[in-house]
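Enquirer: Okay, here's the structure, questions in a sec.
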Amino acid sequence: MRLVFVGPPGAGKGTQAKFICEKFGIPQISTGEMLRAAKTAGKLPTELVEKMGLGGLVPDEVVNGLIAERTTQDDAKNGFLLDGFPRTVPQGEALGGLLKDRGQSLNVVLALDVPGELLIERAVLRRTDKRTGQIYHLKYNPPPQGADLEHRADDQEDVVKKRVDVYEKMTAELLPYYDKLGLLRRVNGVGTVDEVKGRVFAAIGSK
Ligand code: AP5
């Protein structure tokens with residue numbers, strides 16, 4: 001199973017990706033998480049740290065390089081879920097090219113649809129446990145006592161709004177690109193985590 005998961009900031013991609021990856025035994029490959037890990041390790045150039053903090057995209061060649069390398073690792077031999085990549089048509093073309101060179105292809109591109117007003121609330125109240133990576137929400141999925149919580153630098157309301165704008169501009173081209181290739185399936189992301197999970201699995205033809 002090789003799957004791309006597209007959706008606006010705070011839509012619930014990371015939350016749902018965990019269920020899919022568990023079910024199919026594939027790794028979740030998130031360019032956002034890889035970039036944040038590089039930042040924590042002091043390996044992300046300052047201009048990219050600033051760009052991310054302001055809600056902008058990092059250059060295509062940076063994320064294309066991360067994906068080219070990560071998808072050759074052992075745990076990705078039988079497939080992977082790409083969370084937050086590609087985000088632009090050039091990234092989609094780069095991915096298509098590298099899969100073609102390896103004699104591989106994508107099975108499906110899932111797009112999670114959530115309206116703007118819900119995205120702000122989901123992202124701003126998100127907290128992640130630094131130790132386990134588990135995603136919580138202060139209102140909908142409160143963290144247990146003792147969790148070592150982190151509030152992402154780009155989860156401030158004004159930055160989330162900027163990220164939503166960037167997403168809308170980018171998907172104006174990316175979603176039609178995948179639709180033309182016959183890969184796109186849209187999923188309504190409004191509802192409880194379990195309700196959305198049911199729709200996600202139905203969209204990929206699994207229970
Ligand atoms: P990235 O880390 O990819 O962030 P994102 O796409 O903005 O997505 P999020 O992680 O914010 O949200 P999510 O959809 O995973 O939601 P989650 O499941 O956590 O990218 C960050 C930055 O890195 C970018 O802005 C860019 O700078 C850079 N970058 C990354 N990839 C790039 C690329 N390819 N090209 C260029 N730049 C790139 O859920 C959110 C919250 O909602 C949680 O609290 C959760 O508990 C809650 N929740 C989830 N589902 C529900 C539900 N059904 N009901 C109620 N609450 C829910």
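Here, A, B, ... name the chains of the structure tokens in the order displayed, residue numbers run from 1 inside each chain, and ligands are numbered from 1 in the same displayed order.
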Pick out the residues no farther than 7 Å from ligand 1, counting only C-alpha atoms and all ligand atoms, and list them as a PDB file with N, CA, C and O atoms, in the first residue's frame.

Expert:
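Dumped to result-v5.pdb:
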```pdb
ATOM      1  N   GLY A   7      -4.348  17.197   3.203  1.00  0.00           N
ATOM      2  CA  GLY A   7      -5.428  17.852   3.957  1.00  0.00           C
ATOM      3  C   GLY A   7      -4.895  19.097   4.623  1.00  0.00           C
ATOM      4  O   GLY A   7      -3.688  19.209   4.865  1.00  0.00           O
ATOM      5  N   PRO A   8      -5.779  20.032   4.929  1.00  0.00           N
ATOM      6  CA  PRO A   8      -5.332  21.286   5.527  1.00  0.00           C
ATOM      7  C   PRO A   8      -4.743  21.087   6.918  1.00  0.00           C
ATOM      8  O   PRO A   8      -4.932  20.036   7.539  1.00  0.00           O
ATOM      9  N   PRO A   9      -4.025  22.088   7.426  1.00  0.00           N
ATOM     10  CA  PRO A   9      -3.440  22.004   8.768  1.00  0.00           C
ATOM     11  C   PRO A   9      -4.511  21.740   9.813  1.00  0.00           C
ATOM     12  O   PRO A   9      -5.561  22.382   9.801  1.00  0.00           O
ATOM     13  N   GLY A  10      -4.243  20.785  10.677  1.00  0.00           N
ATOM     14  CA  GLY A  10      -5.175  20.489  11.756  1.00  0.00           C
ATOM     15  C   GLY A  10      -6.372  19.658  11.327  1.00  0.00           C
ATOM     16  O   GLY A  10      -7.287  19.425  12.112  1.00  0.00           O
ATOM     17  N   ALA A  11      -6.375  19.151  10.095  1.00  0.00           N
ATOM     18  CA  ALA A  11      -7.537  18.399   9.600  1.00  0.00           C
ATOM     19  C   ALA A  11      -7.681  17.058  10.310  1.00  0.00           C
ATOM     20  O   ALA A  11      -8.790  16.521  10.402  1.00  0.00           O
ATOM     21  N   GLY A  12      -6.561  16.493  10.779  1.00  0.00           N
ATOM     22  CA  GLY A  12      -6.615  15.175  11.419  1.00  0.00           C
ATOM     23  C   GLY A  12      -5.828  14.125  10.642  1.00  0.00           C
ATOM     24  O   GLY A  12      -6.021  12.925  10.863  1.00  0.00           O
ATOM     25  N   LYS A  13      -4.936  14.559   9.759  1.00  0.00           N
ATOM     26  CA  LYS A  13      -4.147  13.597   8.959  1.00  0.00           C
ATOM     27  C   LYS A  13      -3.291  12.713   9.863  1.00  0.00           C
ATOM     28  O   LYS A  13      -3.290  11.496   9.728  1.00  0.00           O
ATOM     29  N   GLY A  14      -2.557  13.351  10.785  1.00  0.00           N
ATOM     30  CA  GLY A  14      -1.680  12.589  11.674  1.00  0.00           C
ATOM     31  C   GLY A  14      -2.474  11.599  12.513  1.00  0.00           C
ATOM     32  O   GLY A  14      -2.068  10.444  12.691  1.00  0.00           O
ATOM     33  N   THR A  15      -3.623  12.056  13.019  1.00  0.00           N
ATOM     34  CA  THR A  15      -4.487  11.206  13.858  1.00  0.00           C
ATOM     35  C   THR A  15      -4.949   9.980  13.072  1.00  0.00           C
ATOM     36  O   THR A  15      -4.846   8.839  13.541  1.00  0.00           O
ATOM     37  N   GLN A  16      -5.440  10.177  11.853  1.00  0.00           N
ATOM     38  CA  GLN A  16      -5.962   9.066  11.048  1.00  0.00           C
ATOM     39  C   GLN A  16      -4.837   8.214  10.455  1.00  0.00           C
ATOM     40  O   GLN A  16      -4.989   7.001  10.293  1.00  0.00           O
ATOM     41  N   SER A  30       6.065  11.644   7.596  1.00  0.00           N
ATOM     42  CA  SER A  30       5.546  13.010   7.645  1.00  0.00           C
ATOM     43  C   SER A  30       6.705  13.982   7.431  1.00  0.00           C
ATOM     44  O   SER A  30       7.640  14.018   8.238  1.00  0.00           O
ATOM     45  N   THR A  31       6.633  14.758   6.348  1.00  0.00           N
ATOM     46  CA  THR A  31       7.711  15.728   6.106  1.00  0.00           C
ATOM     47  C   THR A  31       7.728  16.776   7.218  1.00  0.00           C
ATOM     48  O   THR A  31       8.792  17.230   7.621  1.00  0.00           O
ATOM     49  N   GLY A  32       6.538  17.142   7.744  1.00  0.00           N
ATOM     50  CA  GLY A  32       6.497  18.110   8.842  1.00  0.00           C
ATOM     51  C   GLY A  32       7.266  17.596  10.050  1.00  0.00           C
ATOM     52  O   GLY A  32       8.074  18.317  10.650  1.00  0.00           O
ATOM     53  N   GLU A  33       7.042  16.304  10.385  1.00  0.00           N
ATOM     54  CA  GLU A  33       7.753  15.737  11.546  1.00  0.00           C
ATOM     55  C   GLU A  33       9.251  15.636  11.277  1.00  0.00           C
ATOM     56  O   GLU A  33      10.069  15.868  12.170  1.00  0.00           O
ATOM     57  N   LEU A  35      11.007  17.593   9.399  1.00  0.00           N
ATOM     58  CA  LEU A  35      11.571  18.947   9.475  1.00  0.00           C
ATOM     59  C   LEU A  35      11.663  19.410  10.932  1.00  0.00           C
ATOM     60  O   LEU A  35      12.658  20.023  11.332  1.00  0.00           O
ATOM     61  N   LYS A  51      10.821  30.220   8.096  1.00  0.00           N
ATOM     62  CA  LYS A  51       9.752  30.001   7.125  1.00  0.00           C
ATOM     63  C   LYS A  51       8.642  29.145   7.735  1.00  0.00           C
ATOM     64  O   LYS A  51       7.453  29.471   7.637  1.00  0.00           O
ATOM     65  N   MET A  52       9.023  28.041   8.377  1.00  0.00           N
ATOM     66  CA  MET A  52       8.024  27.159   8.994  1.00  0.00           C
ATOM     67  C   MET A  52       7.264  27.890  10.098  1.00  0.00           C
ATOM     68  O   MET A  52       6.057  27.752  10.228  1.00  0.00           O
ATOM     69  N   GLY A  55       4.512  29.852   8.814  1.00  0.00           N
ATOM     70  CA  GLY A  55       3.448  29.125   8.112  1.00  0.00           C
ATOM     71  C   GLY A  55       3.689  28.944   6.623  1.00  0.00           C
ATOM     72  O   GLY A  55       2.789  28.521   5.904  1.00  0.00           O
ATOM     73  N   GLY A  56       4.899  29.264   6.150  1.00  0.00           N
ATOM     74  CA  GLY A  56       5.192  29.084   4.720  1.00  0.00           C
ATOM     75  C   GLY A  56       5.712  27.679   4.430  1.00  0.00           C
ATOM     76  O   GLY A  56       5.969  26.903   5.355  1.00  0.00           O
ATOM     77  N   LEU A  57       5.851  27.350   3.148  1.00  0.00           N
ATOM     78  CA  LEU A  57       6.381  26.043   2.755  1.00  0.00           C
ATOM     79  C   LEU A  57       7.898  26.112   2.600  1.00  0.00           C
ATOM     80  O   LEU A  57       8.432  27.140   2.186  1.00  0.00           O
ATOM     81  N   VAL A  58       8.587  25.032   2.920  1.00  0.00           N
ATOM     82  CA  VAL A  58      10.021  24.975   2.643  1.00  0.00           C
ATOM     83  C   VAL A  58      10.185  24.606   1.160  1.00  0.00           C
ATOM     84  O   VAL A  58       9.248  24.085   0.541  1.00  0.00           O
ATOM     85  N   PRO A  59      11.359  24.873   0.557  1.00  0.00           N
ATOM     86  CA  PRO A  59      11.515  24.630  -0.881  1.00  0.00           C
ATOM     87  C   PRO A  59      11.295  23.163  -1.269  1.00  0.00           C
ATOM     88  O   PRO A  59      11.640  22.246  -0.517  1.00  0.00           O
ATOM     89  N   ASP A  60      10.734  22.984  -2.461  1.00  0.00           N
ATOM     90  CA  ASP A  60      10.439  21.632  -2.955  1.00  0.00           C
ATOM     91  C   ASP A  60      11.668  20.716  -2.892  1.00  0.00           C
ATOM     92  O   ASP A  60      11.550  19.558  -2.488  1.00  0.00           O
ATOM     93  N   VAL A  63      12.230  18.983   0.612  1.00  0.00           N
ATOM     94  CA  VAL A  63      11.342  17.862   0.974  1.00  0.00           C
ATOM     95  C   VAL A  63      11.450  16.713  -0.023  1.00  0.00           C
ATOM     96  O   VAL A  63      11.376  15.538   0.356  1.00  0.00           O
ATOM     97  N   ASP A  83       2.438  11.646   4.710  1.00  0.00           N
ATOM     98  CA  ASP A  83       1.559  12.572   5.432  1.00  0.00           C
ATOM     99  C   ASP A  83       2.101  13.994   5.227  1.00  0.00           C
ATOM    100  O   ASP A  83       3.157  14.337   5.750  1.00  0.00           O
ATOM    101  N   GLY A  84       1.378  14.788   4.427  1.00  0.00           N
ATOM    102  CA  GLY A  84       1.819  16.174   4.191  1.00  0.00           C
ATOM    103  C   GLY A  84       2.800  16.314   3.046  1.00  0.00           C
ATOM    104  O   GLY A  84       3.412  17.369   2.877  1.00  0.00           O
ATOM    105  N   PHE A  85       2.981  15.301   2.257  1.00  0.00           N
ATOM    106  CA  PHE A  85       3.810  15.329   1.048  1.00  0.00           C
ATOM    107  C   PHE A  85       3.135  14.456   0.010  1.00  0.00           C
ATOM    108  O   PHE A  85       2.720  13.353   0.360  1.00  0.00           O
ATOM    109  N   PRO A  86       3.052  14.876  -1.245  1.00  0.00           N
ATOM    110  CA  PRO A  86       3.426  16.183  -1.786  1.00  0.00           C
ATOM    111  C   PRO A  86       2.400  17.264  -1.458  1.00  0.00           C
ATOM    112  O   PRO A  86       1.245  16.971  -1.154  1.00  0.00           O
ATOM    113  N   ARG A  87       2.859  18.509  -1.517  1.00  0.00           N
ATOM    114  CA  ARG A  87       1.978  19.653  -1.283  1.00  0.00           C
ATOM    115  C   ARG A  87       1.870  20.544  -2.507  1.00  0.00           C
ATOM    116  O   ARG A  87       1.057  21.458  -2.522  1.00  0.00           O
ATOM    117  N   ARG A 122      -8.983  22.986  15.986  1.00  0.00           N
ATOM    118  CA  ARG A 122      -8.247  21.720  16.104  1.00  0.00           C
ATOM    119  C   ARG A 122      -6.753  21.969  16.267  1.00  0.00           C
ATOM    120  O   ARG A 122      -6.092  21.329  17.079  1.00  0.00           O
ATOM    121  N   ALA A 123      -6.212  22.909  15.501  1.00  0.00           N
ATOM    122  CA  ALA A 123      -4.753  23.118  15.553  1.00  0.00           C
ATOM    123  C   ALA A 123      -4.325  23.879  16.811  1.00  0.00           C
ATOM    124  O   ALA A 123      -3.348  23.512  17.464  1.00  0.00           O
ATOM    125  N   LEU A 125      -5.634  24.086  19.742  1.00  0.00           N
ATOM    126  CA  LEU A 125      -5.747  23.338  21.011  1.00  0.00           C
ATOM    127  C   LEU A 125      -5.046  21.972  20.949  1.00  0.00           C
ATOM    128  O   LEU A 125      -5.207  21.151  21.843  1.00  0.00           O
ATOM    129  N   ARG A 126      -4.289  21.754  19.901  1.00  0.00           N
ATOM    130  CA  ARG A 126      -3.534  20.494  19.809  1.00  0.00           C
ATOM    131  C   ARG A 126      -2.329  20.538  20.757  1.00  0.00           C
ATOM    132  O   ARG A 126      -1.658  21.553  20.922  1.00  0.00           O
ATOM    133  N   ARG A 127      -2.059  19.412  21.392  1.00  0.00           N
ATOM    134  CA  ARG A 127      -0.828  19.250  22.164  1.00  0.00           C
ATOM    135  C   ARG A 127      -0.280  17.866  21.822  1.00  0.00           C
ATOM    136  O   ARG A 127      -1.039  16.925  21.614  1.00  0.00           O
ATOM    137  N   ILE A 135      -0.773  12.402  19.704  1.00  0.00           N
ATOM    138  CA  ILE A 135      -1.431  13.695  19.482  1.00  0.00           C
ATOM    139  C   ILE A 135      -2.674  13.780  20.368  1.00  0.00           C
ATOM    140  O   ILE A 135      -3.506  12.862  20.372  1.00  0.00           O
ATOM    141  N   TYR A 136      -2.802  14.886  21.105  1.00  0.00           N
ATOM    142  CA  TYR A 136      -3.991  15.114  21.941  1.00  0.00           C
ATOM    143  C   TYR A 136      -4.662  16.417  21.537  1.00  0.00           C
ATOM    144  O   TYR A 136      -4.119  17.196  20.735  1.00  0.00           O
ATOM    145  N   HIS A 137      -5.861  16.636  22.112  1.00  0.00           N
ATOM    146  CA  HIS A 137      -6.569  17.898  21.898  1.00  0.00           C
ATOM    147  C   HIS A 137      -7.165  18.305  23.239  1.00  0.00           C
ATOM    148  O   HIS A 137      -7.803  17.490  23.911  1.00  0.00           O
ATOM    149  N   TYR A 140     -11.160  17.876  22.766  1.00  0.00           N
ATOM    150  CA  TYR A 140     -11.759  16.643  22.233  1.00  0.00           C
ATOM    151  C   TYR A 140     -11.041  15.358  22.646  1.00  0.00           C
ATOM    152  O   TYR A 140     -11.623  14.280  22.568  1.00  0.00           O
ATOM    153  N   ASN A 141      -9.792  15.474  23.031  1.00  0.00           N
ATOM    154  CA  ASN A 141      -9.038  14.262  23.396  1.00  0.00           C
ATOM    155  C   ASN A 141      -7.977  14.672  24.412  1.00  0.00           C
ATOM    156  O   ASN A 141      -6.785  14.730  24.113  1.00  0.00           O
ATOM    157  N   ARG A 163      -1.302  29.169   7.299  1.00  0.00           N
ATOM    158  CA  ARG A 163      -1.095  27.816   6.759  1.00  0.00           C
ATOM    159  C   ARG A 163      -2.313  27.342   5.978  1.00  0.00           C
ATOM    160  O   ARG A 163      -2.194  26.661   4.962  1.00  0.00           O
ATOM    161  N   GLY A 189     -13.952  15.113   6.711  1.00  0.00           N
ATOM    162  CA  GLY A 189     -13.227  15.006   7.985  1.00  0.00           C
ATOM    163  C   GLY A 189     -13.953  15.628   9.159  1.00  0.00           C
ATOM    164  O   GLY A 189     -13.353  15.821  10.225  1.00  0.00           O
ATOM    165  N   VAL A 190     -15.251  15.940   8.983  1.00  0.00           N
ATOM    166  CA  VAL A 190     -16.034  16.524  10.086  1.00  0.00           C
ATOM    167  C   VAL A 190     -16.733  15.396  10.835  1.00  0.00           C
ATOM    168  O   VAL A 190     -17.382  14.548  10.224  1.00  0.00           O
ATOM    169  N   GLY A 191     -16.590  15.397  12.170  1.00  0.00           N
ATOM    170  CA  GLY A 191     -17.211  14.346  12.980  1.00  0.00           C
ATOM    171  C   GLY A 191     -16.197  13.866  14.005  1.00  0.00           C
ATOM    172  O   GLY A 191     -15.107  14.446  14.121  1.00  0.00           O
ATOM    173  N   THR A 192     -16.573  12.834  14.739  1.00  0.00           N
ATOM    174  CA  THR A 192     -15.641  12.336  15.752  1.00  0.00           C
ATOM    175  C   THR A 192     -14.488  11.597  15.059  1.00  0.00           C
ATOM    176  O   THR A 192     -14.590  11.226  13.878  1.00  0.00           O
ATOM    177  N   VAL A 193     -13.415  11.352  15.808  1.00  0.00           N
ATOM    178  CA  VAL A 193     -12.267  10.626  15.250  1.00  0.00           C
ATOM    179  C   VAL A 193     -12.719   9.264  14.707  1.00  0.00           C
ATOM    180  O   VAL A 193     -12.321   8.853  13.615  1.00  0.00           O
ATOM    181  N   VAL A 196     -14.722   9.637  11.394  1.00  0.00           N
ATOM    182  CA  VAL A 196     -13.829   9.933  10.264  1.00  0.00           C
ATOM    183  C   VAL A 196     -13.025   8.680   9.895  1.00  0.00           C
ATOM    184  O   VAL A 196     -12.835   8.359   8.720  1.00  0.00           O
TER     185      VAL A 196
END
```

Enquirer: Please return, as a PyMOL selection string, all residues of stretch 3-206 of chain A that DSSP assigns to alpha helix (DSSP H) on the basis of the backbone.

Expert: chain A and resi 13-24+31-40+46-53+60-70+89-101+116-124+157-180+193-203

Enquirer: For A:Leu3, work out the shell of residues within 7 Å, counting only C-alpha atoms and skipping chain neighbours fewer than 4 positions away, then give it as a ChimeraX atom specification.

Expert: /A:80-82,106-109

Enquirer: Write out as number ranges by chain which residues come within 10 Å of A:Tyr178 when counting only C-alpha atoms, dropping same-chain ones fewer than 6 positions away.

Expert: A: 89, 92, 108-110, 184-185

Enquirer: Given the selection you just returned, output its residues as a file containing C-alpha atoms, formatted as a PDB file, in the first residue's frame.

Expert:
```
ATOM      1  CA  VAL A  89       2.467  19.822  -8.258  1.00  0.00           C
ATOM      2  CA  GLY A  92       3.861  15.368  -6.955  1.00  0.00           C
ATOM      3  CA  VAL A 108      -4.483   6.157  -3.623  1.00  0.00           C
ATOM      4  CA  VAL A 109      -4.418   9.851  -2.679  1.00  0.00           C
ATOM      5  CA  LEU A 110      -6.755  10.642   0.220  1.00  0.00           C
ATOM      6  CA  LEU A 184      -7.968  11.096  -5.690  1.00  0.00           C
ATOM      7  CA  ARG A 185     -10.540  10.139  -3.046  1.00  0.00           C
TER       8      ARG A 185
END
```

Enquirer: In Å to one decimal, how far is atom CA of A:Pro27 from atom CA of A:Gln104?

Expert: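 Value for the atom CA of A:Gln104-atom CA of A:Pro27 distance: 16.6 Å.
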